[in-house]
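Novice: The structure file upload_14.txt (compact mmCIF, C-alpha atoms) is provided below.
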# COMPACT_ATOMS: atom_id res chain seq x y z
CA MET F 1 0.12 10.48 22.62
CA ASN F 2 2.66 11.87 20.19
CA GLU F 3 3.68 15.50 20.28
CA ARG F 4 4.13 15.82 16.55
CA SER F 5 3.61 14.00 13.31
CA ILE F 6 6.44 11.59 12.49
CA PRO F 7 7.47 10.97 8.85
CA LYS F 8 6.27 7.59 7.58
CA ALA F 9 9.76 6.27 6.79
CA THR F 10 10.95 7.14 10.31
CA LEU F 11 7.87 5.53 11.83
CA GLY F 12 8.71 2.35 9.95
CA ARG F 13 12.10 2.10 11.61
CA LEU F 14 10.94 2.78 15.16
CA PRO F 15 10.05 -0.86 16.00
CA LEU F 16 13.57 -1.78 14.89
CA TYR F 17 15.15 0.63 17.39
CA LEU F 18 12.73 -0.40 20.10
CA ASN F 19 13.40 -4.12 19.67
CA TYR F 20 17.14 -3.52 19.68
CA LEU F 21 17.09 -1.40 22.86
CA ARG F 22 14.79 -3.80 24.69
CA ARG F 23 17.20 -6.65 23.99
CA LEU F 24 20.35 -4.88 25.21
CA PRO F 25 22.11 -7.08 27.78
CA PRO F 26 21.84 -5.93 31.43
CA THR F 27 25.62 -5.44 31.39
CA SER F 28 25.38 -2.59 28.86
CA GLY F 29 25.52 0.90 30.33
CA PRO F 30 22.62 3.25 31.06
CA THR F 31 23.33 5.38 27.98
CA ILE F 32 23.82 4.65 24.27
CA SER F 33 24.99 6.77 21.32
CA ALA F 34 23.36 7.08 17.90
CA THR F 35 26.67 5.85 16.49
CA GLN F 36 26.44 2.58 18.43
CA ILE F 37 22.85 2.00 17.39
CA ALA F 38 23.61 2.77 13.74
CA ARG F 39 26.54 0.35 13.73
CA GLN F 40 24.57 -2.48 15.35
CA LEU F 41 21.59 -2.11 13.03
CA TYR F 42 23.62 -1.48 9.84
CA LEU F 43 21.91 1.89 9.33
CA GLY F 44 23.41 5.25 8.37
CA GLU F 45 24.40 7.39 11.35
CA VAL F 46 22.75 10.53 9.95
CA GLN F 47 19.50 8.62 9.50
CA VAL F 48 19.56 7.22 13.03
CA ARG F 49 20.27 10.67 14.48
CA LYS F 50 17.34 12.17 12.56
CA ASP F 51 14.99 9.34 13.50
CA LEU F 52 15.82 9.51 17.20
CA ALA F 53 15.64 13.32 17.18
CA ALA F 54 12.06 13.03 15.85
CA VAL F 55 10.93 11.03 18.89
CA SER F 56 13.38 11.95 21.64
CA GLY F 57 15.11 15.23 20.77
CA ALA F 58 18.88 15.48 20.29
CA GLY F 59 21.15 13.22 22.33
CA LYS F 60 23.72 14.72 24.68
CA PRO F 61 27.17 15.35 23.13
CA ARG F 62 29.65 12.56 23.92
CA ILE F 63 27.00 10.66 25.91
CA GLY F 64 24.05 10.02 23.63
CA TYR F 65 20.69 8.90 24.98
CA VAL F 66 19.57 7.47 28.30
CA VAL F 67 18.38 4.04 27.23
CA ARG F 68 15.40 3.97 29.57
CA ASP F 69 14.11 7.37 28.39
CA LEU F 70 14.65 6.48 24.74
CA ILE F 71 12.64 3.25 25.10
CA GLU F 72 9.85 5.22 26.74
CA ASN F 73 9.81 7.82 23.97
CA LEU F 74 9.82 5.16 21.25
CA GLU F 75 6.96 3.30 22.94
CA SER F 76 4.98 6.49 23.22
CA ALA F 77 5.56 7.39 19.53
CA LEU F 78 4.39 3.91 18.52
CA GLY F 79 1.19 4.20 20.49
CA GLY F 80 2.82 2.87 23.63
CA ASP F 81 0.58 1.50 26.30
CA GLN F 82 -2.25 3.36 24.62
CA VAL F 83 -3.61 1.07 21.91
CA THR F 84 -5.72 2.54 19.13
CA GLN F 85 -8.72 0.35 18.43
CA ALA F 86 -9.92 0.03 14.85
CA VAL F 87 -12.90 -1.60 13.14
CA LEU F 88 -13.04 -3.24 9.73
CA VAL F 89 -16.07 -3.40 7.44
CA GLY F 90 -16.05 -6.08 4.73
CA ALA F 91 -14.99 -9.50 5.99
CA GLY F 92 -14.28 -11.01 2.55
CA LYS F 93 -10.91 -12.28 1.38
CA LEU F 94 -9.02 -9.03 1.76
CA GLY F 95 -10.72 -8.16 5.03
CA GLY F 96 -10.00 -11.66 6.30
CA ALA F 97 -6.35 -11.31 5.30
CA LEU F 98 -6.03 -8.02 7.18
CA LEU F 99 -7.69 -9.55 10.24
CA GLU F 100 -5.03 -12.25 10.26
CA TYR F 101 -2.18 -9.90 9.42
CA ASN F 102 0.45 -9.80 12.16
CA GLY F 103 2.22 -6.58 12.86
CA PHE F 104 -0.46 -4.01 13.60
CA GLU F 105 0.03 -4.56 17.34
CA GLU F 106 3.69 -3.60 17.02
CA TYR F 107 2.52 -0.11 16.05
CA GLY F 108 -0.06 0.16 18.82
CA ILE F 109 -3.08 -0.68 16.68
CA GLN F 110 -5.67 -3.38 17.28
CA ILE F 111 -8.57 -4.36 15.02
CA VAL F 112 -11.24 -5.10 17.60
CA ALA F 113 -14.29 -5.89 15.45
CA ALA F 114 -15.24 -6.81 11.89
CA PHE F 115 -18.60 -6.10 10.25
CA ASP F 116 -20.35 -7.40 7.15
CA ARG F 117 -23.79 -7.91 5.63
CA ASP F 118 -26.49 -10.28 6.85
CA ASP F 119 -25.28 -13.24 4.83
CA GLN F 120 -21.79 -13.09 6.33
CA ALA F 121 -22.88 -12.74 9.93
CA GLY F 122 -22.35 -15.79 12.10
CA ARG F 123 -18.93 -16.44 10.57
CA THR F 124 -16.08 -16.00 12.98
CA SER F 125 -12.51 -14.78 12.81
CA ARG F 126 -9.75 -16.01 15.07
CA LYS F 127 -8.74 -12.50 16.08
CA VAL F 128 -12.06 -10.68 16.53
CA GLY F 129 -14.57 -13.48 17.09
CA ALA F 130 -17.96 -13.34 15.41
CA ILE F 131 -18.40 -11.09 12.36
CA ARG F 132 -21.01 -8.50 13.35
CA LEU F 133 -23.86 -7.03 11.33
CA VAL F 134 -23.01 -3.72 9.70
CA GLY F 135 -26.20 -2.32 11.23
CA GLU F 136 -24.45 -2.55 14.62
CA LEU F 137 -21.50 -0.44 13.48
CA GLU F 138 -22.64 2.87 14.93
CA SER F 139 -23.60 1.58 18.37
CA PHE F 140 -20.36 -0.41 18.61
CA CYS F 141 -18.18 2.56 17.60
CA ARG F 142 -19.96 4.94 19.98
CA GLU F 143 -19.71 2.51 22.86
CA HIS F 144 -15.99 1.80 22.31
CA ASP F 145 -15.02 5.28 21.14
CA ILE F 146 -13.59 3.94 17.87
CA ARG F 147 -11.82 6.54 15.73
CA LEU F 148 -10.13 4.42 13.05
CA GLY F 149 -12.01 2.46 10.35
CA ILE F 150 -10.87 0.12 7.57
CA ILE F 151 -13.02 -0.37 4.45
CA THR F 152 -12.61 -3.67 2.58
CA VAL F 153 -15.97 -3.89 0.82
CA ASN F 154 -16.36 -3.57 -2.96
CA SER F 155 -16.52 -0.26 -4.82
CA GLU F 156 -20.31 -0.30 -5.00
CA SER F 157 -20.74 -0.33 -1.21
CA ALA F 158 -17.69 1.71 -0.20
CA GLN F 159 -19.24 5.19 -0.08
CA GLU F 160 -22.20 3.94 1.94
CA VAL F 161 -19.87 2.25 4.44
CA CYS F 162 -17.72 5.38 4.57
CA ASP F 163 -20.77 7.55 5.38
CA ARG F 164 -21.79 5.11 8.12
CA MET F 165 -18.29 5.30 9.60
CA VAL F 166 -18.35 9.10 9.65
CA ASP F 167 -21.81 9.01 11.27
CA SER F 168 -20.34 6.62 13.86
CA GLY F 169 -17.72 9.12 14.98
CA ILE F 170 -14.76 7.61 13.10
CA LYS F 171 -12.11 10.22 12.29
CA ALA F 172 -9.63 8.33 10.08
CA ILE F 173 -10.52 5.93 7.25
CA TRP F 174 -8.28 3.51 5.38
CA ASN F 175 -10.01 2.60 2.11
CA PHE F 176 -9.05 -0.54 0.15
CA ALA F 177 -11.97 -0.36 -2.29
CA PRO F 178 -10.68 0.66 -5.72
CA CYS F 179 -12.69 3.89 -5.82
CA GLY F 180 -12.48 7.43 -4.52
CA LEU F 181 -14.53 8.42 -1.46
CA SER F 182 -15.96 11.73 -0.45
CA VAL F 183 -15.54 12.64 3.24
CA PRO F 184 -16.05 15.78 5.35
CA GLU F 185 -12.98 18.00 5.69
CA ASP F 186 -12.13 16.94 9.23
CA ILE F 187 -11.87 13.23 8.33
CA LEU F 188 -8.48 11.74 7.44
CA LEU F 189 -8.73 9.47 4.40
CA LYS F 190 -6.01 7.14 3.16
CA GLN F 191 -6.68 5.52 -0.20
CA GLU F 192 -4.98 2.19 -0.86
CA ASN F 193 -4.63 1.56 -4.59
CA PHE F 194 -3.15 -1.86 -5.40
CA ALA F 195 -3.36 -1.36 -9.14
CA LEU F 196 -1.43 1.87 -8.89
CA SER F 197 1.28 0.32 -6.70
CA LEU F 198 1.79 -2.49 -9.16
CA ALA F 199 1.61 -0.09 -12.12
CA HIS F 200 4.35 2.01 -10.57
CA LEU F 201 6.59 -1.03 -10.18
CA ASN F 202 5.82 -2.06 -13.75
CA ASN F 203 6.57 1.41 -15.01
CA LEU F 204 9.97 1.37 -13.28
CA LEU F 205 10.60 -2.09 -14.74
CA CYS F 206 9.73 -1.02 -18.29
CA ASN F 207 12.12 1.89 -18.02
CA ARG F 208 15.02 -0.37 -17.12
CA ILE F 209 14.73 -2.73 -20.04
CA MET S 1 7.25 0.97 -23.85
CA ASN S 2 7.70 4.17 -21.87
CA GLU S 3 10.54 6.54 -22.58
CA ARG S 4 11.00 7.62 -18.99
CA SER S 5 9.85 6.88 -15.49
CA ILE S 6 6.57 8.59 -14.62
CA PRO S 7 5.92 9.81 -11.07
CA LYS S 8 3.47 7.58 -9.21
CA ALA S 9 0.91 10.34 -8.58
CA THR S 10 0.89 11.23 -12.29
CA LEU S 11 0.56 7.57 -13.22
CA GLY S 12 -2.50 7.34 -10.99
CA ARG S 13 -4.27 10.08 -12.95
CA LEU S 14 -3.50 8.76 -16.44
CA PRO S 15 -6.52 6.37 -16.63
CA LEU S 16 -8.70 9.38 -15.77
CA TYR S 17 -7.39 11.38 -18.74
CA LEU S 18 -7.58 8.37 -21.02
CA ASN S 19 -11.19 7.56 -20.12
CA TYR S 20 -12.18 11.18 -20.59
CA LEU S 21 -10.53 11.51 -24.02
CA ARG S 22 -11.93 8.20 -25.24
CA ARG S 23 -15.45 9.37 -24.38
CA LEU S 24 -15.24 12.73 -26.15
CA PRO S 25 -18.20 13.07 -28.56
CA PRO S 26 -17.38 12.72 -32.28
CA THR S 27 -18.47 16.34 -32.69
CA SER S 28 -15.58 17.64 -30.59
CA GLY S 29 -12.61 18.94 -32.57
CA PRO S 30 -9.33 17.11 -33.33
CA THR S 31 -7.41 19.07 -30.65
CA ILE S 32 -7.94 19.78 -26.96
CA SER S 33 -6.24 22.11 -24.48
CA ALA S 34 -4.99 21.29 -21.00
CA THR S 35 -7.33 24.02 -19.76
CA GLN S 36 -10.38 22.23 -21.17
CA ILE S 37 -9.33 18.89 -19.69
CA ALA S 38 -8.61 20.46 -16.29
CA ARG S 39 -12.02 22.14 -16.21
CA GLN S 40 -13.92 19.00 -17.21
CA LEU S 41 -12.13 16.79 -14.68
CA TYR S 42 -12.10 19.36 -11.83
CA LEU S 43 -8.30 19.23 -11.65
CA GLY S 44 -5.78 22.08 -11.36
CA GLU S 45 -4.52 23.37 -14.71
CA VAL S 46 -0.87 23.32 -13.63
CA GLN S 47 -1.21 19.69 -12.57
CA VAL S 48 -2.84 18.65 -15.86
CA ARG S 49 -0.13 20.43 -17.86
CA LYS S 50 2.61 18.67 -15.90
CA ASP S 51 0.92 15.27 -16.17
CA LEU S 52 0.40 15.53 -19.92
CA ALA S 53 3.92 16.87 -20.44
CA ALA S 54 5.27 13.72 -18.73
CA VAL S 55 3.64 11.45 -21.31
CA SER S 56 3.21 13.59 -24.39
CA GLY S 57 5.54 16.60 -24.21
CA ALA S 58 4.25 20.18 -24.13
CA GLY S 59 1.08 21.03 -26.04
CA LYS S 60 1.18 23.58 -28.85
CA PRO S 61 0.50 27.16 -27.74
CA ARG S 62 -3.12 28.21 -28.36
CA ILE S 63 -3.95 24.75 -29.79
CA GLY S 64 -3.12 22.20 -27.14
CA TYR S 65 -2.88 18.52 -27.96
CA VAL S 66 -4.00 16.45 -30.93
CA VAL S 67 -6.53 14.16 -29.24
CA ARG S 68 -5.59 11.07 -31.24
CA ASP S 69 -1.87 11.44 -30.43
CA LEU S 70 -2.56 12.12 -26.78
CA ILE S 71 -4.70 8.98 -26.48
CA GLU S 72 -1.92 6.97 -28.08
CA ASN S 73 0.71 8.38 -25.74
CA LEU S 74 -1.45 7.75 -22.67
CA GLU S 75 -2.12 4.17 -23.77
CA SER S 76 1.57 3.60 -24.31
CA ALA S 77 2.48 5.04 -20.88
CA LEU S 78 -0.09 2.75 -19.25
CA GLY S 79 1.29 -0.33 -20.93
CA GLY S 80 -0.89 0.14 -24.01
CA ASP S 81 -1.46 -2.87 -26.16
CA GLN S 82 1.57 -4.40 -24.50
CA VAL S 83 0.32 -6.13 -21.35
CA THR S 84 2.82 -7.01 -18.62
CA GLN S 85 2.15 -10.49 -17.31
CA ALA S 86 2.70 -11.17 -13.62
CA VAL S 87 2.64 -14.27 -11.41
CA LEU S 88 1.54 -14.53 -7.80
CA VAL S 89 2.88 -16.98 -5.21
CA GLY S 90 0.70 -17.64 -2.16
CA ALA S 91 -2.95 -18.21 -2.99
CA GLY S 92 -4.27 -17.68 0.54
CA LYS S 93 -6.71 -14.97 1.55
CA LEU S 94 -4.60 -12.01 0.53
CA GLY S 95 -3.40 -13.68 -2.67
CA GLY S 96 -6.99 -14.62 -3.47
CA ALA S 97 -8.11 -11.04 -2.89
CA LEU S 98 -5.44 -9.71 -5.26
CA LEU S 99 -6.42 -12.29 -7.88
CA GLU S 100 -9.97 -10.97 -7.76
CA TYR S 101 -8.95 -7.34 -7.59
CA ASN S 102 -10.22 -5.34 -10.53
CA GLY S 103 -8.14 -2.54 -11.88
CA PHE S 104 -4.76 -4.05 -12.74
CA GLU S 105 -5.83 -4.39 -16.38
CA GLU S 106 -6.46 -0.65 -16.57
CA TYR S 107 -2.73 -0.17 -16.02
CA GLY S 108 -1.65 -2.80 -18.53
CA ILE S 109 -0.95 -5.55 -15.99
CA GLN S 110 -2.39 -9.05 -15.91
CA ILE S 111 -1.84 -11.73 -13.27
CA VAL S 112 -1.65 -14.84 -15.44
CA ALA S 113 -0.89 -17.58 -12.91
CA ALA S 114 -0.98 -18.28 -9.17
CA PHE S 115 1.21 -20.78 -7.33
CA ASP S 116 1.06 -22.43 -3.92
CA ARG S 117 2.19 -25.50 -2.00
CA ASP S 118 1.04 -29.04 -2.59
CA ASP S 119 -1.95 -28.84 -0.30
CA GLN S 120 -3.40 -25.85 -2.13
CA ALA S 121 -2.98 -27.23 -5.62
CA GLY S 122 -6.14 -28.30 -7.38
CA ARG S 123 -8.01 -25.25 -6.09
CA THR S 124 -9.05 -22.86 -8.81
CA SER S 125 -9.41 -19.11 -9.15
CA ARG S 126 -11.89 -17.45 -11.48
CA LYS S 127 -9.22 -15.30 -13.11
CA VAL S 128 -6.23 -17.64 -13.48
CA GLY S 129 -7.79 -21.11 -13.38
CA ALA S 130 -6.08 -23.86 -11.40
CA ILE S 131 -3.59 -22.91 -8.67
CA ARG S 132 -0.24 -24.38 -9.76
CA LEU S 133 2.46 -26.07 -7.74
CA VAL S 134 5.26 -23.73 -6.70
CA GLY S 135 7.71 -26.27 -8.14
CA GLU S 136 6.45 -25.31 -11.60
CA LEU S 137 7.24 -21.62 -11.07
CA GLU S 138 10.56 -21.54 -12.87
CA SER S 139 9.46 -23.43 -15.97
CA PHE S 140 6.30 -21.34 -16.24
CA CYS S 141 8.17 -18.04 -15.90
CA ARG S 142 10.83 -19.05 -18.41
CA GLU S 143 8.24 -20.23 -20.91
CA HIS S 144 6.12 -17.08 -20.65
CA ASP S 145 8.97 -14.62 -20.11
CA ILE S 146 7.48 -13.38 -16.82
CA ARG S 147 9.29 -10.42 -15.27
CA LEU S 148 6.93 -9.34 -12.48
CA GLY S 149 6.22 -11.40 -9.34
CA ILE S 150 3.89 -10.90 -6.38
CA ILE S 151 4.63 -12.56 -3.02
CA THR S 152 1.66 -13.21 -0.73
CA VAL S 153 3.03 -16.09 1.36
CA ASN S 154 3.84 -15.74 5.08
CA SER S 155 7.08 -14.29 6.43
CA GLU S 156 8.64 -17.71 6.98
CA SER S 157 8.44 -18.67 3.29
CA ALA S 158 8.91 -15.24 1.70
CA GLN S 159 12.70 -15.29 1.21
CA GLU S 160 12.60 -18.76 -0.30
CA VAL S 161 9.86 -17.71 -2.73
CA CYS S 162 11.80 -14.53 -3.52
CA ASP S 163 14.94 -16.54 -4.36
CA ARG S 164 12.90 -18.85 -6.58
CA MET S 165 11.46 -15.84 -8.42
CA VAL S 166 14.91 -14.38 -9.02
CA ASP S 167 16.10 -17.78 -10.28
CA SER S 168 13.10 -17.81 -12.61
CA GLY S 169 14.16 -14.61 -14.35
CA ILE S 170 11.76 -12.26 -12.55
CA LYS S 171 13.08 -8.69 -12.41
CA ALA S 172 10.55 -6.88 -10.20
CA ILE S 173 9.03 -8.21 -6.98
CA TRP S 174 6.10 -6.88 -5.00
CA ASN S 175 6.28 -8.30 -1.46
CA PHE S 176 3.25 -8.40 0.84
CA ALA S 177 4.86 -10.61 3.50
CA PRO S 178 5.58 -8.50 6.59
CA CYS S 179 9.35 -9.01 6.41
CA GLY S 180 12.33 -7.59 4.59
CA LEU S 181 13.78 -9.52 1.63
CA SER S 182 17.28 -9.62 0.26
CA VAL S 183 17.57 -9.45 -3.53
CA PRO S 184 20.41 -8.97 -6.03
CA GLU S 185 21.10 -5.36 -6.99
CA ASP S 186 19.45 -5.55 -10.40
CA ILE S 187 16.09 -6.66 -8.99
CA LEU S 188 13.41 -4.07 -8.23
CA LEU S 189 11.76 -4.75 -4.88
CA LYS S 190 8.64 -3.03 -3.57
CA GLN S 191 7.77 -3.78 0.03
CA GLU S 192 4.12 -3.48 1.02
CA ASN S 193 3.75 -2.85 4.74
CA PHE S 194 0.14 -2.77 5.90
CA ALA S 195 1.04 -2.20 9.52
CA LEU S 196 3.12 0.81 8.60
CA SER S 197 0.37 2.31 6.43
CA LEU S 198 -2.13 2.02 9.24
CA ALA S 199 0.40 3.25 11.79
CA HIS S 200 1.01 6.34 9.70
CA LEU S 201 -2.71 7.09 9.56
CA ASN S 202 -2.96 6.51 13.31
CA ASN S 203 -0.01 8.78 13.95
CA LEU S 204 -1.65 11.57 11.94
CA LEU S 205 -4.90 10.97 13.83
CA CYS S 206 -3.21 11.13 17.24
CA ASN S 207 -1.60 14.43 16.33
CA ARG S 208 -4.96 15.99 15.52
CA ILE S 209 -6.69 15.16 18.75
Can I see the file as structure tokens?

Specialist:
Amino acid sequence: MNERSIPKATLGRLPLYLNYLRRLPPTSGPTISATQIARQLYLGEVQVRKDLAAVSGAGKPRIGYVVRDLIENLESALGGDQVTQAVLVGAGKLGGALLEYNGFEEYGIQIVAAFDRDDQAGRTSRKVGAIRLVGELESFCREHDIRLGIITVNSESAQEVCDRMVDSGIKAIWNFAPCGLSVPEDILLKQENFALSLAHLNNLLCNRI
Amino acid sequence: MNERSIPKATLGRLPLYLNYLRRLPPTSGPTISATQIARQLYLGEVQVRKDLAAVSGAGKPRIGYVVRDLIENLESALGGDQVTQAVLVGAGKLGGALLEYNGFEEYGIQIVAAFDRDDQAGRTSRKVGAIRLVGELESFCREHDIRLGIITVNSESAQEVCDRMVDSGIKAIWNFAPCGLSVPEDILLKQENFALSLAHLNNLLCNRI
């Protein structure tokens, strides 16, 4: 469990540090400095210092960090041994793509089940097995104490799915449907907006011509 | 063509203003104030003023904006009559989902062609017709003056596709493959990282428990 919220950009670099430290040769010493890490990973020293401070406090002057402790702190910030289980509702193209997406595990997240309507049930996914009926969402989430839900249905069904997730005890929702959702105040909602991402890139492009 | 770069959050609200103004009844006057718009759309007045200033300058004191001019400025900021054409390489699940995604048009962007390897060619997509061979990418982009490219292939092929796009005259690349890409300095690159988005949400969630 993390002690504090870590900025998104920092979080994105943590797997990089972790992979580097885990691959240090046995001949390297028990401690390592931010300077060494920065040089090896071609990152700015100030950035590395700030990133490591966010997960492991300040290093010791002239010594740096104890490698073993730093690895432990990075693992813990990334979810560590504790994996967060998530469910996905909407096993269409986008949902299917997310189910096959590699990289969630690296951040301590695992999609453990996918749900869809009657006419999709019976299909299977390599990662989660059979697609379940959306009617089973609540019992599944209660049984497995699921707190993270991903919505990949269309705009028409998104609010209904969102309400079902909230009723199922889910506390954080990642919505890919191109529509706003209304949630109770204590629910975290992250809206993915592909059109807006592309529009932003296009807007930058137009301004450079 | 836009005169300046518009912040992403502002850009996201522009279709909202545009839809509202376009639907004003003919009986409403020729001008409208930021206060009126804010009230009707349940937005903060300061925010609306800032958003409109970014696309249309400050309104006139006590009068506000000329509706017709404001509509024109919003249309122009969103790409207006000038549609940016984009290509997509990688017509798998994620690529297919993006091809079917509604909402790009609203921001003046149109995916006009999708490319893939030999074994995918011959398949068709409702929006762009037949999936083309990736070998035809350069000639297509040159012929249609394409400047925006979307990469939805796997990590192994992403850099090769990226290089091909740059060789084809593309100036802005939106990468969905979960890997970094190296591009020349004058190329805009936007990296989409699903794992990181979900990790960020998870990190926020863990800190609230």

Novice: Given a cut-off of 6 Å, which residues of chain S touch chain F, counting all atoms listed in the file, written out as a VMD selection string?

Specialist: chain S and resid 4 to 5 8 12 93 to 94 97 103 to 104 107 195 to 196 199 to 200 204 207

Novice: So the first atom is CA of Ala38 (chain S) and the second is CA of Ala158 (chain F); what is the distance between them in Å, to one decimal place?

Specialist: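 Going from CA of Ala38 (chain S) over to CA of Ala158 (chain F), I get 26.3 Å.
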
Novice: Kindly give the distance, in Å, that separates CA of Leu88 (chain S) and CA of Gly90 (chain F), rounded to a single decimal.

Specialist: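 A separation of 23.2 Å between them.
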
Novice: One decimal, Å: what's the distance from CA of Val166 (chain F) over to CA of Pro184 (chain F), could you say?

Specialist: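 Computed distance, CA of Val166 (chain F) to CA of Pro184 (chain F), equals 8.3 Å.
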
Novice: Taking the point (-8.2, -24.2, -9.7) as given in the file, collect each protein or nucleic acid residue that comes within 12 Å of it, counting all atoms listed in the file, and present the set as a list in words.

Specialist: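 Output: Ala91, Gly96, Ala113, Ala114, Phe115, Asp116, Gln120, Ala121, Gly122, Arg123, Thr124, Ser125, Arg126, Lys127, Val128, Gly129, Ala130, Ile131, Arg132 and Leu133 of chain S.
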
Novice: Please provide the set of residues having any atom within 9 Å of Arg49 (chain F), restricted to only C-alpha atoms, with same-chain residues fewer than 4 positions apart removed, written as a PDB file with C-alpha atoms, in the coordinates of the input.

Specialist:
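Generated output (around.pdb):
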ATOM      1  CA  ALA F  34      23.360   7.080  17.900  1.00  0.00           C
ATOM      2  CA  THR F  35      26.670   5.850  16.490  1.00  0.00           C
ATOM      3  CA  ALA F  38      23.610   2.770  13.740  1.00  0.00           C
ATOM      4  CA  GLY F  44      23.410   5.250   8.370  1.00  0.00           C
ATOM      5  CA  GLU F  45      24.400   7.390  11.350  1.00  0.00           C
ATOM      6  CA  ALA F  53      15.640  13.320  17.180  1.00  0.00           C
ATOM      7  CA  ALA F  54      12.060  13.030  15.850  1.00  0.00           C
ATOM      8  CA  ALA F  58      18.880  15.480  20.290  1.00  0.00           C
ATOM      9  CA  GLY F  59      21.150  13.220  22.330  1.00  0.00           C
TER      10      GLY F  59
END

Novice: Which polymer residues have any atom within 8 Å of an atom of Thr31 (chain S), counting all atoms listed in the file, with same-chain residues fewer than 3 positions away left out, as a PDB file with C-alpha atoms, in the coordinates of the input?

Specialist:
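Now in around-v6.pdb:
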ATOM      1  CA  ILE S  63      -3.950  24.750 -29.790  1.00  0.00           C
ATOM      2  CA  GLY S  64      -3.120  22.200 -27.140  1.00  0.00           C
ATOM      3  CA  TYR S  65      -2.880  18.520 -27.960  1.00  0.00           C
ATOM      4  CA  VAL S  66      -4.000  16.450 -30.930  1.00  0.00           C
ATOM      5  CA  VAL S  67      -6.530  14.160 -29.240  1.00  0.00           C
TER       6      VAL S  67
END

Novice: Given all atoms listed in the file as the basis, pick out the residue of F:Ser76, F:Ser168, F:Thr27, F:Ser157 nearest to Leu137 (chain F).

Specialist: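 Ranking F:Ser76, F:Ser168, F:Thr27, F:Ser157 by distance to Leu137 (chain F), first place goes to F:Ser168.
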
Novice: Tell me which protein, DNA and RNA residues are within 12 Å of Glu75 (chain F), counting all atoms listed in the file, leaving out same-chain ones fewer than 5 positions away, and put them as number ranges by chain.

Specialist: F: 1-2, 11, 14-19, 21-22, 55-56, 68-70, 80-83, 105-108

Novice: Enclose the full set of atoms of region 185-190 of chain F listed in the file within a box whose edges lie along x, y and z, apply 8 Å of padding to each of the six sides, and report centre and edge lengths in Å to one decimal as AutoDock Vina command-line options.

Specialist:
--center_x -9.5 --center_y 12.6 --center_z 6.2 --size_x 23.0 --size_y 26.9 --size_z 22.1
